[in-house]
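**Q** Once you've had a glance at the structure underneath, I'll fire off some questions.
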Protein chains: 2
Amino acid sequence: MPNKLAGDGAGGDSVLMTALKRSTTTDEVRQRLADEILFGQFLPGHRLDEQSLSLRYGVSRTPVREALKQLAVTGLVEARPHKGVVVAEISPEALGLMFEAIADCEAACARHAARRMTATDRQMLADLHVLSHQAVVSGDGERYDAMNREFHALILRGARNSYLADVAQSLRQRVMPFRRAQFRRAERITRSFAEHQRILDAILAQDEDAAARAMRGHVAEAGGASADLLMPGRRSEPVGE
Amino acid sequence: MPNKLAGDGAGGDSVLMTALKRSTTTDEVRQRLADEILFGQFLPGHRLDEQSLSLRYGVSRTPVREALKQLAVTGLVEARPHKGVVVAEISPEALGLMFEAIADCEAACARHAARRMTATDRQMLADLHVLSHQAVVSGDGERYDAMNREFHALILRGARNSYLADVAQSLRQRVMPFRRAQFRRAERITRSFAEHQRILDAILAQDEDAAARAMRGHVAEAGGASADLLMPGRRSEPVGE
DNA sequence: ATATTCCATATTGCATGGAATATCTGCCCG
DNA sequence: CGGGCAGATATTCCATGCAATATGGAATAT
């Protein structure tokens with residue numbers, strides 16, 4: 001269902017639009033587009049043309065166009081001059097490199113987090129980890145996926161370096177469209193949980209090196225699994241040492 | 001001098017415009033704007049309004065506007081809704097965090113480069129380093145600055161991971177407007193050269209850990225020096241261990 | 001039958017005008 | 001004399017029209 005941005009376009013703006021409109025239409029469209037790509041509404045390779053999107057969101061072509069070009073800067077979509085915009089596709093090899101980059105960035109974040117997280121931060125992380133165990137035993141992939149994202153987000157914030165956290169987050173977003181079925185198998189969930197345990201232990205012990213190593217291994221492992229989903233035939237070579 | 005993009009605007013396009021125009025006006029403006037910011041034509045805090053820029057470049061407001069918003073995504077400029085765009089300003093504290101992030105990313109690159117650079121790559125890096133010694137003895141800061149950038153660029157490419165290299169390069173660009181007088185003092189040049197030597201040695205020995213450590217220290221050191229330039233009063237605390 | 005050229009169509013890209021929002025100035029009031 | 005309000009100005013932001021470029025297909029030549 002298309003579902004316009006807000007308001008009916010004919011009469012006055014809806015309360016929603018006017019109430020929380022301290023942002024611009026372009027930003028709204030960009031956020032909405034990013035979400036739809038991240039949640040799999042538009043799959044990699046899907047052509048995103050200005051006109052149909054402007055109809056879909058009930059706005060003119062201009063904000064759609066600007067949003068698309070801005071997303072192209074982030075790498076989530078690919079724009080070729082005079083040839084339109086498509087949801088970015090990543091080859092299996094490139095995906096391996098992306099996971100390597102994510103592993104490096106998040107390992108650095110984990111290192112800083114081990115040093116800089118407050119007691120409250122550590123407590124929150126520990127609580128979340130315990131809570132996620134429910135999703136492990138019930139085998140709820142969706143739920144574990146959300147908690148996995150939150151786990152990583154907490155560590156990124158704990159690093160107390162928004163620039164490093166932003167690049168990690170940005171890279172992580174770019175691979176999201178390729179991790180749809182990440183926790184389909186229960187075995188992947190339990191393995192991820194075990195790795196989270198190692199990361200958490202290292203952070204609680206404030207052991208920088210161990211935290212970095214555990215995080216690097218965790219992300220590399222997840223990367224290998226995702227690569228295997230793309231080309232189930234051959235075995236993925238390990239990345240990130 | 002304003003200096004339009006290309007062509008005279010009145011009659012037909014210039015040869016230059018038509019010849020190497022496989023790109024769009026927006027992209028040209030974005031590149032041009034980024035260059036002018038990076039080379040100090042527009043200092044941090046400078047207001048960038050659509051109209052004067054469109055006059056300056058001899059194009060309409062649309063491509064200028066799109067270029068500005070795209071640069072805002074990279075962080076080189078800051079755009080606030082309905083309040084215009086300014087060249088991004090970075091507080092001394094934030095600058096320290098940025099250098100920390102750069103240190104982490106480039107250290108990771110150096111680690112990969114130590115493993116993946118070909119013999120030819122290593123030779124090129126060694127040659128460049130030797131060549132840069134001329135700039136050291138002559139005290140040519142401009143020249144050494146260019147070679148320093150090339151040195152780091154070679155290592156980023158040597159990592160054979162364009163995603164990691166891109167984030168490092170992107171972060172590096174963002175701090176460039178704050179490093180104008182980086183090699184004003186001869187003492188900074190000699191120190192940088194010595195640190196390059198350590199990095200080079202580690203890479204030639206294919207010693208990952210040493211390469212990462214040397215690079216991290218090198219960038220942190222440069223960051224501390226840049227921070228001192230901003231607030232010459234107090235002593236900068238070391239970042240990135 | 002295949003390849004090539006030319007033309008019709010569709011889409012992107014740029015320019016311009018008008019609506020919405022922020023900023024500035026002068027004035028009024030406390 | 002300082003603070004706040006109202007109007008005027010300037011700028012951003014969105015919509016629309018037209019030009020430029022790419023795409024698909026039919027007709028022609030080999």
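Quick note on naming: the chains in the structure tokens go A, B, ... in the order shown, residues restart at 1 in each chain, and ligands are numbered from 1 in order of appearance.
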For chain B, report every residue with an atom at most 7 Å from chain C (counting only C-alpha atoms (C1' of nucleotides)), formatted as a list in words.
**A** Ser60, Thr62, His82 and Lys83 of chain B
**Q** So that I have them on file, write out the residues from the current selection with N, CA and C atoms, as an mmCIF file, in the first residue's frame.
**A**
data_model
loop_
_atom_site.group_PDB
_atom_site.id
_atom_site.type_symbol
_atom_site.label_atom_id
_atom_site.label_comp_id
_atom_site.auth_asym_id
_atom_site.auth_seq_id
_atom_site.Cartn_x
_atom_site.Cartn_y
_atom_site.Cartn_z
ATOM 1 N N SER B 60 22.251 27.497 -12.098
ATOM 2 C CA SER B 60 21.048 27.851 -11.347
ATOM 3 C C SER B 60 21.171 27.372 -9.907
ATOM 4 N N THR B 62 19.412 25.168 -8.382
ATOM 5 C CA THR B 62 19.120 23.749 -8.150
ATOM 6 C C THR B 62 20.370 22.885 -7.965
ATOM 7 N N HIS B 82 15.850 25.028 6.967
ATOM 8 C CA HIS B 82 15.382 26.411 6.813
ATOM 9 C C HIS B 82 16.369 27.434 7.350
ATOM 10 N N LYS B 83 17.550 26.998 7.667
ATOM 11 C CA LYS B 83 18.525 27.932 8.226
ATOM 12 C C LYS B 83 19.820 27.981 7.430
#
**Q** Contacts from chain D to chain A, 10 Å maximum, only C-alpha atoms (C1' of nucleotides): show me the residue list as a list in words.
**A**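 Here is what falls inside 10 Å: DC13, DC14, DA15, DT16, DA20, DT21, DA22 and DT23 of chain D.
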**Q** A:Leu53, A:Ala146, A:Val64, A:Val167: which is nearest chain B, counting only C-alpha atoms?
**A** A:Val167
**Q** Show me, as a list in words, the residues of chain A whose atoms get within 8 Å of chain B, using only C-alpha atoms for the distance check.
**A**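 Every residue of chain A that passes the 8 Å test is in Arg22, Ser23, Thr24, Glu66, Lys69, Gln70, Val73, Thr74, Pro81, Leu97, Met98, Ala101, Asp104, Cys105, Ala108, Asn161, Ser162, Tyr163, Leu164 and Val167 of chain A.
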**Q** Using DSSP assignments from the backbone, pull out every residue in stretch 57-91 of chain B that falls under helix (DSSP H, G or I) and give it to me as a ChimeraX atom specification.
**A** /B:57,61-74
**Q** At what distance in Å, to one decimal, does atom CA of A:Ala194 lie from atom CA of A:Ala225?
**A**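 Value for the atom CA of A:Ala225-atom CA of A:Ala194 distance: 15.5 Å.
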**Q** DSSP on the backbone: what in stretch 4-237 of chain B comes out strand (DSSP E or B), as a PyMOL selection string?
**A** chain B and resi 47-48+77-80+84-87
**Q** Do you have the atom CA of A:Ala119-atom CA of A:Ser132 distance handy?
**A**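 Computing it gives 19.9 Å between the two atoms.
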